Every structure is written in C-alpha cells, then in structure tokens.
file query.pdb (PDB, C-alpha atoms)
ATOM      1  CA  MET L   1     116.017  97.438  87.888
ATOM      2  CA  SER L   2     119.565  96.554  88.701
ATOM      3  CA  GLY L   3     119.495  97.497  92.393
ATOM      4  CA  LYS L   4     122.391  99.884  91.835
ATOM      5  CA  LYS L   5     121.505 103.521  92.417
ATOM      6  CA  THR L   6     122.906 106.244  90.231
ATOM      7  CA  SER L   7     122.698 110.012  90.548
ATOM      8  CA  VAL L   8     120.752 111.828  87.859
ATOM      9  CA  ARG L   9     120.554 115.607  87.543
ATOM     10  CA  VAL L  10     117.182 116.921  86.430
ATOM     11  CA  GLU L  11     115.679 120.383  86.119
ATOM     12  CA  ILE L  12     112.149 121.294  87.137
ATOM     13  CA  LEU L  13     110.939 124.884  86.831
ATOM     14  CA  GLY L  14     114.505 126.090  86.442
ATOM     15  CA  GLU L  15     115.667 124.394  89.649
ATOM     16  CA  SER L  16     118.248 121.645  89.500
ATOM     17  CA  TYR L  17     117.792 118.436  91.494
ATOM     18  CA  VAL L  18     120.079 115.447  91.884
ATOM     19  CA  LEU L  19     118.068 112.270  92.278
ATOM     20  CA  ARG L  20     119.485 108.941  93.407
ATOM     21  CA  THR L  21     117.547 106.203  91.685
ATOM     22  CA  GLU L  22     117.701 102.647  90.420
ATOM     23  CA  ALA L  23     115.841 103.663  87.261
ATOM     24  CA  ALA L  24     117.663 104.331  84.020
ATOM     25  CA  PRO L  25     118.843 107.954  83.720
ATOM     26  CA  GLU L  26     116.781 108.409  80.547
ATOM     27  CA  HIS L  27     113.655 107.289  82.393
ATOM     28  CA  THR L  28     114.307 109.615  85.328
ATOM     29  CA  LYS L  29     114.905 112.565  83.004
ATOM     30  CA  ALA L  30     111.745 111.800  81.024
ATOM     31  CA  VAL L  31     109.699 111.666  84.240
ATOM     32  CA  ALA L  32     111.132 114.996  85.402
ATOM     33  CA  GLU L  33     110.436 116.561  81.995
ATOM     34  CA  HIS L  34     106.832 115.328  82.128
ATOM     35  CA  LEU L  35     106.395 116.845  85.579
ATOM     36  CA  ASP L  36     108.007 120.109  84.469
ATOM     37  CA  ARG L  37     105.677 120.316  81.423
ATOM     38  CA  SER L  38     102.629 119.552  83.565
ATOM     39  CA  ILE L  39     103.442 122.249  86.125
ATOM     40  CA  ARG L  40     104.236 124.804  83.419
ATOM     41  CA  LEU L  41     100.948 124.023  81.654
ATOM     42  CA  ILE L  42      99.015 124.700  84.851
ATOM     43  CA  LEU L  43     100.978 127.904  85.487
ATOM     44  CA  SER L  44     100.368 129.079  81.909
ATOM     45  CA  GLY L  45      96.623 128.817  82.484
ATOM     46  CA  GLY L  46      96.876 131.897  84.672
ATOM     47  CA  SER L  47      94.499 130.800  87.432
ATOM     48  CA  VAL L  48      97.325 129.476  89.658
ATOM     49  CA  ILE L  49     100.416 131.555  90.292
ATOM     50  CA  GLU L  50     102.053 129.784  93.238
ATOM     51  CA  THR L  51     104.424 127.073  92.061
ATOM     52  CA  ASN L  52     103.746 124.830  95.047
ATOM     53  CA  ARG L  53     100.004 124.824  94.277
ATOM     54  CA  ALA L  54     100.743 124.198  90.594
ATOM     55  CA  ALA L  55     102.977 121.265  91.597
ATOM     56  CA  ILE L  56     100.183 119.772  93.716
ATOM     57  CA  LEU L  57      97.672 120.178  90.880
ATOM     58  CA  ALA L  58     100.146 118.603  88.448
ATOM     59  CA  ALA L  59     100.668 115.702  90.868
ATOM     60  CA  LEU L  60      96.907 115.188  91.061
ATOM     61  CA  GLN L  61      96.605 115.257  87.276
ATOM     62  CA  ILE L  62      99.471 112.791  86.796
ATOM     63  CA  THR L  63      98.047 110.513  89.510
ATOM     64  CA  SER L  64      94.681 110.585  87.729
ATOM     65  CA  GLU L  65      96.439 109.564  84.505
ATOM     66  CA  LEU L  66      98.116 106.695  86.394
ATOM     67  CA  PHE L  67      94.807 105.465  87.809
ATOM     68  CA  GLN L  68      93.176 105.612  84.359
ATOM     69  CA  ALA L  69      96.086 103.661  82.856
ATOM     70  CA  ARG L  70      95.840 101.026  85.602
ATOM     71  CA  GLU L  71      92.108 100.680  84.996
ATOM     72  CA  ALA L  72      92.644 100.317  81.242
ATOM     73  CA  ASN L  73      95.390  97.774  81.870
ATOM     74  CA  GLY L  74      93.096  95.759  84.139
ATOM     75  CA  ALA L  75      90.389  95.764  81.484
ATOM     76  CA  LEU L  76      92.900  94.649  78.854
ATOM     77  CA  VAL L  77      94.213  91.849  81.058
ATOM     78  CA  GLY L  78      90.640  90.685  81.693
ATOM     79  CA  ALA L  79      89.871  90.686  77.975
ATOM     80  CA  MET L  80      93.059  88.742  77.202
ATOM     81  CA  GLN L  81      92.252  86.180  79.881
ATOM     82  CA  GLY L  82      88.781  85.751  78.394
ATOM     83  CA  LEU L  83      90.225  85.248  74.898
ATOM     84  CA  SER L  84      92.784  82.815  76.258
ATOM     85  CA  ALA L  85      90.023  80.757  77.877
ATOM     86  CA  ASP L  86      88.077  80.781  74.591
ATOM     87  CA  VAL L  87      91.116  79.597  72.622
ATOM     88  CA  ARG L  88      91.962  76.972  75.265
ATOM     89  CA  ARG L  89      88.521  75.375  74.782
ATOM     90  CA  LEU L  90      89.213  75.044  71.038
ATOM     91  CA  LEU L  91      92.503  73.205  71.574
ATOM     92  CA  PRO L  92      92.777  69.433  71.765
ATOM     93  CA  PRO L  93      92.612  68.216  75.395
ATOM     94  CA  GLY L  94      96.341  67.435  75.508
ATOM     95  CA  LYS L  95      97.264  71.019  74.530
ATOM     96  CA  ARG L  96      95.010  72.877  76.972
ATOM     97  CA  THR L  97      97.490  73.300  79.802
TER      98      THR L  97
END
call {"tool": "encode", "arguments": {"input": "query.pdb", "output": "structure tokens"}}
result
Amino acid sequence: MSGKKTSVRVEILGESYVLRTEAAPEHTKAVAEHLDRSIRLILSGGSVIETNRAAILAALQITSELFQAREANGALVGAMQGLSADVRRLLPPGKRT
C-alpha cells in the first residue's frame, strides 16, 4: 500500500458509496462486489427480507471464509517449514543456513 488514499465509488444493493482507501481501486471494487453478491444471495433465499440482517449474515459468512483461509494458510506455512527443515538436513553443512 502506498499510504496515499484515493476515493473509490462502489455500489452495494443499489446504493452508492464513496470509500477513501489506500487499496487499489480495482481491489476495493472487487471487495464491494463480493459483499453485494453475498448479501443478494442471502436475500434471494427468501428467509431474510431485511437488508440490514442480510448484511450481518453476509458479514458473518465472509468472516468465516476469512478464518478458514487463515487456518489453511497456517497449515500450509507449517508444512512448508517442515519441508524446508527436511531439505536443510540433506544439504552440505556449509549450505544449511
């Protein structure tokens, strides 16, 4: 991130928002589109009709996805560290650092 904030206009559920962010505009728009799709999916299910409740349920779903991705990333990092240690033992002593 550059530290410089830019304004990005996004649309969620037909409402326009201007967000000031350091993230790339494409990233910000993609995030807003993901949120919009998630809320609309919940609303299309028919069991929730209030948009604020749908937004909270979408936030919970997206947060669950984030936690699962973090867990998978941690497992991957652990596996890579284990492989790195295995390979390090096979290297000549002068190359192990």
call {"tool": "axis_aligned_box", "arguments": {"input": "query.pdb", "around": "stretch 70-76 of chain L", "padding_each_side": "4 Å", "output": "lines of an AutoDock Vina configuration file"}}
result
center_x = 93.1
center_y = 97.8
center_z = 82.2
size_x = 13.5
size_y = 14.4
size_z = 14.7
call {"tool": "atom_distance", "arguments": {"input": "query.pdb", "atom1": "atom CA of L:Glu50", "atom2": "atom CA of L:Glu11"}}
result
18.0 Å
call {"tool": "atom_distance", "arguments": {"input": "query.pdb", "atom1": "atom CA of L:Thr6", "atom2": "atom CA of L:Thr28"}}
result
10.5 Å
call {"tool": "atom_distance", "arguments": {"input": "query.pdb", "atom1": "atom CA of L:Arg20", "atom2": "atom CA of L:Val8"}}
result
6.4 Å
call {"tool": "residues_near_point", "arguments": {"input": "query.pdb", "point": "(114.0, 114.3, 86.9)", "cutoff": "8 Å", "atoms": "all atoms listed in the file", "output": "ChimeraX atom specification"}}
result
/L:8-12,17-19,28-33
call {"tool": "closest_residue", "arguments": {"input": "query.pdb", "among": "L:Gly78, L:Ser38, L:Ala23, L:Lys95", "to": "L:Glu65", "atoms": "all atoms listed in the file"}}
result
L:Ser38
call {"tool": "residues_near_point", "arguments": {"input": "query.pdb", "point": "(102.3, 128.4, 90.4)", "cutoff": "12 Å", "atoms": "all atoms listed in the file", "output": "list of chain:residue names"}}
result
L:Leu13, L:Asp36, L:Ser38, L:Ile39, L:Arg40, L:Leu41, L:Ile42, L:Leu43, L:Ser44, L:Gly45, L:Gly46, L:Ser47, L:Val48, L:Ile49, L:Glu50, L:Thr51, L:Asn52, L:Arg53, L:Ala54, L:Ala55, L:Ile56, L:Leu57, L:Ala58
call {"tool": "resolve_selection", "arguments": {"input": "query.pdb", "expression": "the PyMOL selection byres ((chain L and resi 5) around 7)", "output": "number ranges by chain"}}
result
L: 3-4, 6-7, 20-22
call {"tool": "decode", "arguments": {"input": "query.pdb", "residues": "stretch 51-97 of chain L", "atoms": "N, CA and C atoms", "output": "PDB file, in the first residue's frame"}}
result
ATOM      1  N   THR L  51     -32.638  -5.905   4.767  1.00  0.00           N
ATOM      2  CA  THR L  51     -31.282  -5.808   4.215  1.00  0.00           C
ATOM      3  C   THR L  51     -30.221  -5.716   5.295  1.00  0.00           C
ATOM      4  N   ASN L  52     -30.541  -5.073   6.420  1.00  0.00           N
ATOM      5  CA  ASN L  52     -29.524  -4.970   7.472  1.00  0.00           C
ATOM      6  C   ASN L  52     -29.208  -6.345   8.061  1.00  0.00           C
ATOM      7  N   ARG L  53     -30.211  -7.195   8.211  1.00  0.00           N
ATOM      8  CA  ARG L  53     -29.969  -8.556   8.713  1.00  0.00           C
ATOM      9  C   ARG L  53     -29.198  -9.371   7.673  1.00  0.00           C
ATOM     10  N   ALA L  54     -29.540  -9.192   6.403  1.00  0.00           N
ATOM     11  CA  ALA L  54     -28.818  -9.888   5.336  1.00  0.00           C
ATOM     12  C   ALA L  54     -27.361  -9.448   5.316  1.00  0.00           C
ATOM     13  N   ALA L  55     -27.108  -8.156   5.548  1.00  0.00           N
ATOM     14  CA  ALA L  55     -25.730  -7.650   5.566  1.00  0.00           C
ATOM     15  C   ALA L  55     -24.949  -8.267   6.722  1.00  0.00           C
ATOM     16  N   ILE L  56     -25.591  -8.404   7.879  1.00  0.00           N
ATOM     17  CA  ILE L  56     -24.913  -9.017   9.029  1.00  0.00           C
ATOM     18  C   ILE L  56     -24.618 -10.489   8.745  1.00  0.00           C
ATOM     19  N   LEU L  57     -25.579 -11.199   8.167  1.00  0.00           N
ATOM     20  CA  LEU L  57     -25.345 -12.607   7.830  1.00  0.00           C
ATOM     21  C   LEU L  57     -24.245 -12.753   6.779  1.00  0.00           C
ATOM     22  N   ALA L  58     -24.219 -11.843   5.807  1.00  0.00           N
ATOM     23  CA  ALA L  58     -23.157 -11.870   4.799  1.00  0.00           C
ATOM     24  C   ALA L  58     -21.803 -11.596   5.451  1.00  0.00           C
ATOM     25  N   ALA L  59     -21.764 -10.644   6.383  1.00  0.00           N
ATOM     26  CA  ALA L  59     -20.512 -10.347   7.087  1.00  0.00           C
ATOM     27  C   ALA L  59     -20.025 -11.562   7.872  1.00  0.00           C
ATOM     28  N   LEU L  60     -20.954 -12.273   8.506  1.00  0.00           N
ATOM     29  CA  LEU L  60     -20.574 -13.480   9.240  1.00  0.00           C
ATOM     30  C   LEU L  60     -20.040 -14.551   8.298  1.00  0.00           C
ATOM     31  N   GLN L  61     -20.688 -14.709   7.162  1.00  0.00           N
ATOM     32  CA  GLN L  61     -20.245 -15.706   6.181  1.00  0.00           C
ATOM     33  C   GLN L  61     -18.854 -15.360   5.646  1.00  0.00           C
ATOM     34  N   ILE L  62     -18.643 -14.100   5.299  1.00  0.00           N
ATOM     35  CA  ILE L  62     -17.351 -13.675   4.758  1.00  0.00           C
ATOM     36  C   ILE L  62     -16.264 -13.795   5.825  1.00  0.00           C
ATOM     37  N   THR L  63     -16.602 -13.477   7.083  1.00  0.00           N
ATOM     38  CA  THR L  63     -15.635 -13.615   8.168  1.00  0.00           C
ATOM     39  C   THR L  63     -15.280 -15.082   8.380  1.00  0.00           C
ATOM     40  N   SER L  64     -16.250 -15.960   8.250  1.00  0.00           N
ATOM     41  CA  SER L  64     -15.985 -17.403   8.351  1.00  0.00           C
ATOM     42  C   SER L  64     -15.024 -17.840   7.250  1.00  0.00           C
ATOM     43  N   GLU L  65     -15.255 -17.345   6.031  1.00  0.00           N
ATOM     44  CA  GLU L  65     -14.352 -17.654   4.916  1.00  0.00           C
ATOM     45  C   GLU L  65     -12.929 -17.165   5.221  1.00  0.00           C
ATOM     46  N   LEU L  66     -12.822 -15.972   5.803  1.00  0.00           N
ATOM     47  CA  LEU L  66     -11.511 -15.423   6.166  1.00  0.00           C
ATOM     48  C   LEU L  66     -10.811 -16.313   7.183  1.00  0.00           C
ATOM     49  N   PHE L  67     -11.535 -16.722   8.220  1.00  0.00           N
ATOM     50  CA  PHE L  67     -10.945 -17.579   9.248  1.00  0.00           C
ATOM     51  C   PHE L  67     -10.489 -18.911   8.659  1.00  0.00           C
ATOM     52  N   GLN L  68     -11.303 -19.494   7.767  1.00  0.00           N
ATOM     53  CA  GLN L  68     -10.924 -20.757   7.130  1.00  0.00           C
ATOM     54  C   GLN L  68      -9.672 -20.579   6.274  1.00  0.00           C
ATOM     55  N   ALA L  69      -9.584 -19.452   5.566  1.00  0.00           N
ATOM     56  CA  ALA L  69      -8.411 -19.188   4.730  1.00  0.00           C
ATOM     57  C   ALA L  69      -7.169 -19.001   5.597  1.00  0.00           C
ATOM     58  N   ARG L  70      -7.313 -18.316   6.721  1.00  0.00           N
ATOM     59  CA  ARG L  70      -6.177 -18.132   7.635  1.00  0.00           C
ATOM     60  C   ARG L  70      -5.706 -19.472   8.187  1.00  0.00           C
ATOM     61  N   GLU L  71      -6.655 -20.325   8.545  1.00  0.00           N
ATOM     62  CA  GLU L  71      -6.306 -21.645   9.068  1.00  0.00           C
ATOM     63  C   GLU L  71      -5.569 -22.463   8.008  1.00  0.00           C
ATOM     64  N   ALA L  72      -6.080 -22.437   6.778  1.00  0.00           N
ATOM     65  CA  ALA L  72      -5.434 -23.171   5.688  1.00  0.00           C
ATOM     66  C   ALA L  72      -4.042 -22.609   5.420  1.00  0.00           C
ATOM     67  N   ASN L  73      -3.912 -21.299   5.489  1.00  0.00           N
ATOM     68  CA  ASN L  73      -2.611 -20.668   5.275  1.00  0.00           C
ATOM     69  C   ASN L  73      -1.627 -21.093   6.366  1.00  0.00           C
ATOM     70  N   GLY L  74      -2.096 -21.131   7.604  1.00  0.00           N
ATOM     71  CA  GLY L  74      -1.228 -21.564   8.703  1.00  0.00           C
ATOM     72  C   GLY L  74      -0.764 -22.998   8.515  1.00  0.00           C
ATOM     73  N   ALA L  75      -1.677 -23.852   8.071  1.00  0.00           N
ATOM     74  CA  ALA L  75      -1.314 -25.252   7.825  1.00  0.00           C
ATOM     75  C   ALA L  75      -0.294 -25.351   6.699  1.00  0.00           C
ATOM     76  N   LEU L  76      -0.479 -24.555   5.660  1.00  0.00           N
ATOM     77  CA  LEU L  76       0.450 -24.558   4.528  1.00  0.00           C
ATOM     78  C   LEU L  76       1.831 -24.060   4.947  1.00  0.00           C
ATOM     79  N   VAL L  77       1.853 -22.992   5.739  1.00  0.00           N
ATOM     80  CA  VAL L  77       3.134 -22.468   6.217  1.00  0.00           C
ATOM     81  C   VAL L  77       3.840 -23.521   7.069  1.00  0.00           C
ATOM     82  N   GLY L  78       3.095 -24.191   7.935  1.00  0.00           N
ATOM     83  CA  GLY L  78       3.688 -25.251   8.761  1.00  0.00           C
ATOM     84  C   GLY L  78       4.264 -26.370   7.915  1.00  0.00           C
ATOM     85  N   ALA L  79       3.528 -26.779   6.888  1.00  0.00           N
ATOM     86  CA  ALA L  79       4.009 -27.845   6.007  1.00  0.00           C
ATOM     87  C   ALA L  79       5.266 -27.405   5.266  1.00  0.00           C
ATOM     88  N   MET L  80       5.292 -26.162   4.802  1.00  0.00           N
ATOM     89  CA  MET L  80       6.469 -25.659   4.082  1.00  0.00           C
ATOM     90  C   MET L  80       7.681 -25.568   5.007  1.00  0.00           C
ATOM     91  N   GLN L  81       7.445 -25.170   6.254  1.00  0.00           N
ATOM     92  CA  GLN L  81       8.559 -25.110   7.200  1.00  0.00           C
ATOM     93  C   GLN L  81       9.103 -26.510   7.478  1.00  0.00           C
ATOM     94  N   GLY L  82       8.214 -27.483   7.569  1.00  0.00           N
ATOM     95  CA  GLY L  82       8.652 -28.866   7.772  1.00  0.00           C
ATOM     96  C   GLY L  82       9.468 -29.366   6.595  1.00  0.00           C
ATOM     97  N   LEU L  83       9.012 -29.091   5.371  1.00  0.00           N
ATOM     98  CA  LEU L  83       9.762 -29.493   4.176  1.00  0.00           C
ATOM     99  C   LEU L  83      11.108 -28.786   4.105  1.00  0.00           C
ATOM    100  N   SER L  84      11.113 -27.525   4.472  1.00  0.00           N
ATOM    101  CA  SER L  84      12.364 -26.761   4.457  1.00  0.00           C
ATOM    102  C   SER L  84      13.373 -27.366   5.432  1.00  0.00           C
ATOM    103  N   ALA L  85      12.899 -27.766   6.598  1.00  0.00           N
ATOM    104  CA  ALA L  85      13.799 -28.396   7.579  1.00  0.00           C
ATOM    105  C   ALA L  85      14.316 -29.727   7.043  1.00  0.00           C
ATOM    106  N   ASP L  86      13.448 -30.491   6.362  1.00  0.00           N
ATOM    107  CA  ASP L  86      13.876 -31.764   5.781  1.00  0.00           C
ATOM    108  C   ASP L  86      14.951 -31.544   4.720  1.00  0.00           C
ATOM    109  N   VAL L  87      14.739 -30.571   3.856  1.00  0.00           N
ATOM    110  CA  VAL L  87      15.707 -30.280   2.788  1.00  0.00           C
ATOM    111  C   VAL L  87      17.005 -29.760   3.386  1.00  0.00           C
ATOM    112  N   ARG L  88      16.911 -28.915   4.420  1.00  0.00           N
ATOM    113  CA  ARG L  88      18.102 -28.348   5.051  1.00  0.00           C
ATOM    114  C   ARG L  88      19.016 -29.448   5.577  1.00  0.00           C
ATOM    115  N   ARG L  89      18.423 -30.514   6.132  1.00  0.00           N
ATOM    116  CA  ARG L  89      19.230 -31.630   6.660  1.00  0.00           C
ATOM    117  C   ARG L  89      19.970 -32.366   5.547  1.00  0.00           C
ATOM    118  N   LEU L  90      19.452 -32.325   4.326  1.00  0.00           N
ATOM    119  CA  LEU L  90      20.091 -33.015   3.204  1.00  0.00           C
ATOM    120  C   LEU L  90      21.221 -32.205   2.575  1.00  0.00           C
ATOM    121  N   LEU L  91      21.279 -30.919   2.890  1.00  0.00           N
ATOM    122  CA  LEU L  91      22.311 -30.052   2.316  1.00  0.00           C
ATOM    123  C   LEU L  91      23.658 -30.234   3.023  1.00  0.00           C
ATOM    124  N   PRO L  92      24.725 -29.922   2.325  1.00  0.00           N
ATOM    125  CA  PRO L  92      26.035 -29.959   2.997  1.00  0.00           C
ATOM    126  C   PRO L  92      26.038 -28.933   4.129  1.00  0.00           C
ATOM    127  N   PRO L  93      26.801 -29.170   5.184  1.00  0.00           N
ATOM    128  CA  PRO L  93      26.785 -28.283   6.360  1.00  0.00           C
ATOM    129  C   PRO L  93      27.000 -26.808   6.021  1.00  0.00           C
ATOM    130  N   GLY L  94      27.814 -26.501   5.052  1.00  0.00           N
ATOM    131  CA  GLY L  94      28.078 -25.101   4.709  1.00  0.00           C
ATOM    132  C   GLY L  94      26.905 -24.406   4.019  1.00  0.00           C
ATOM    133  N   LYS L  95      25.959 -25.155   3.529  1.00  0.00           N
ATOM    134  CA  LYS L  95      24.804 -24.598   2.791  1.00  0.00           C
ATOM    135  C   LYS L  95      23.522 -24.588   3.617  1.00  0.00           C
ATOM    136  N   ARG L  96      23.572 -24.954   4.872  1.00  0.00           N
ATOM    137  CA  ARG L  96      22.368 -25.124   5.669  1.00  0.00           C
ATOM    138  C   ARG L  96      21.814 -23.825   6.256  1.00  0.00           C
ATOM    139  N   THR L  97      22.490 -22.759   6.136  1.00  0.00           N
ATOM    140  CA  THR L  97      21.981 -21.511   6.734  1.00  0.00           C
ATOM    141  C   THR L  97      21.192 -20.686   5.768  1.00  0.00           C
TER     142      THR L  97
END
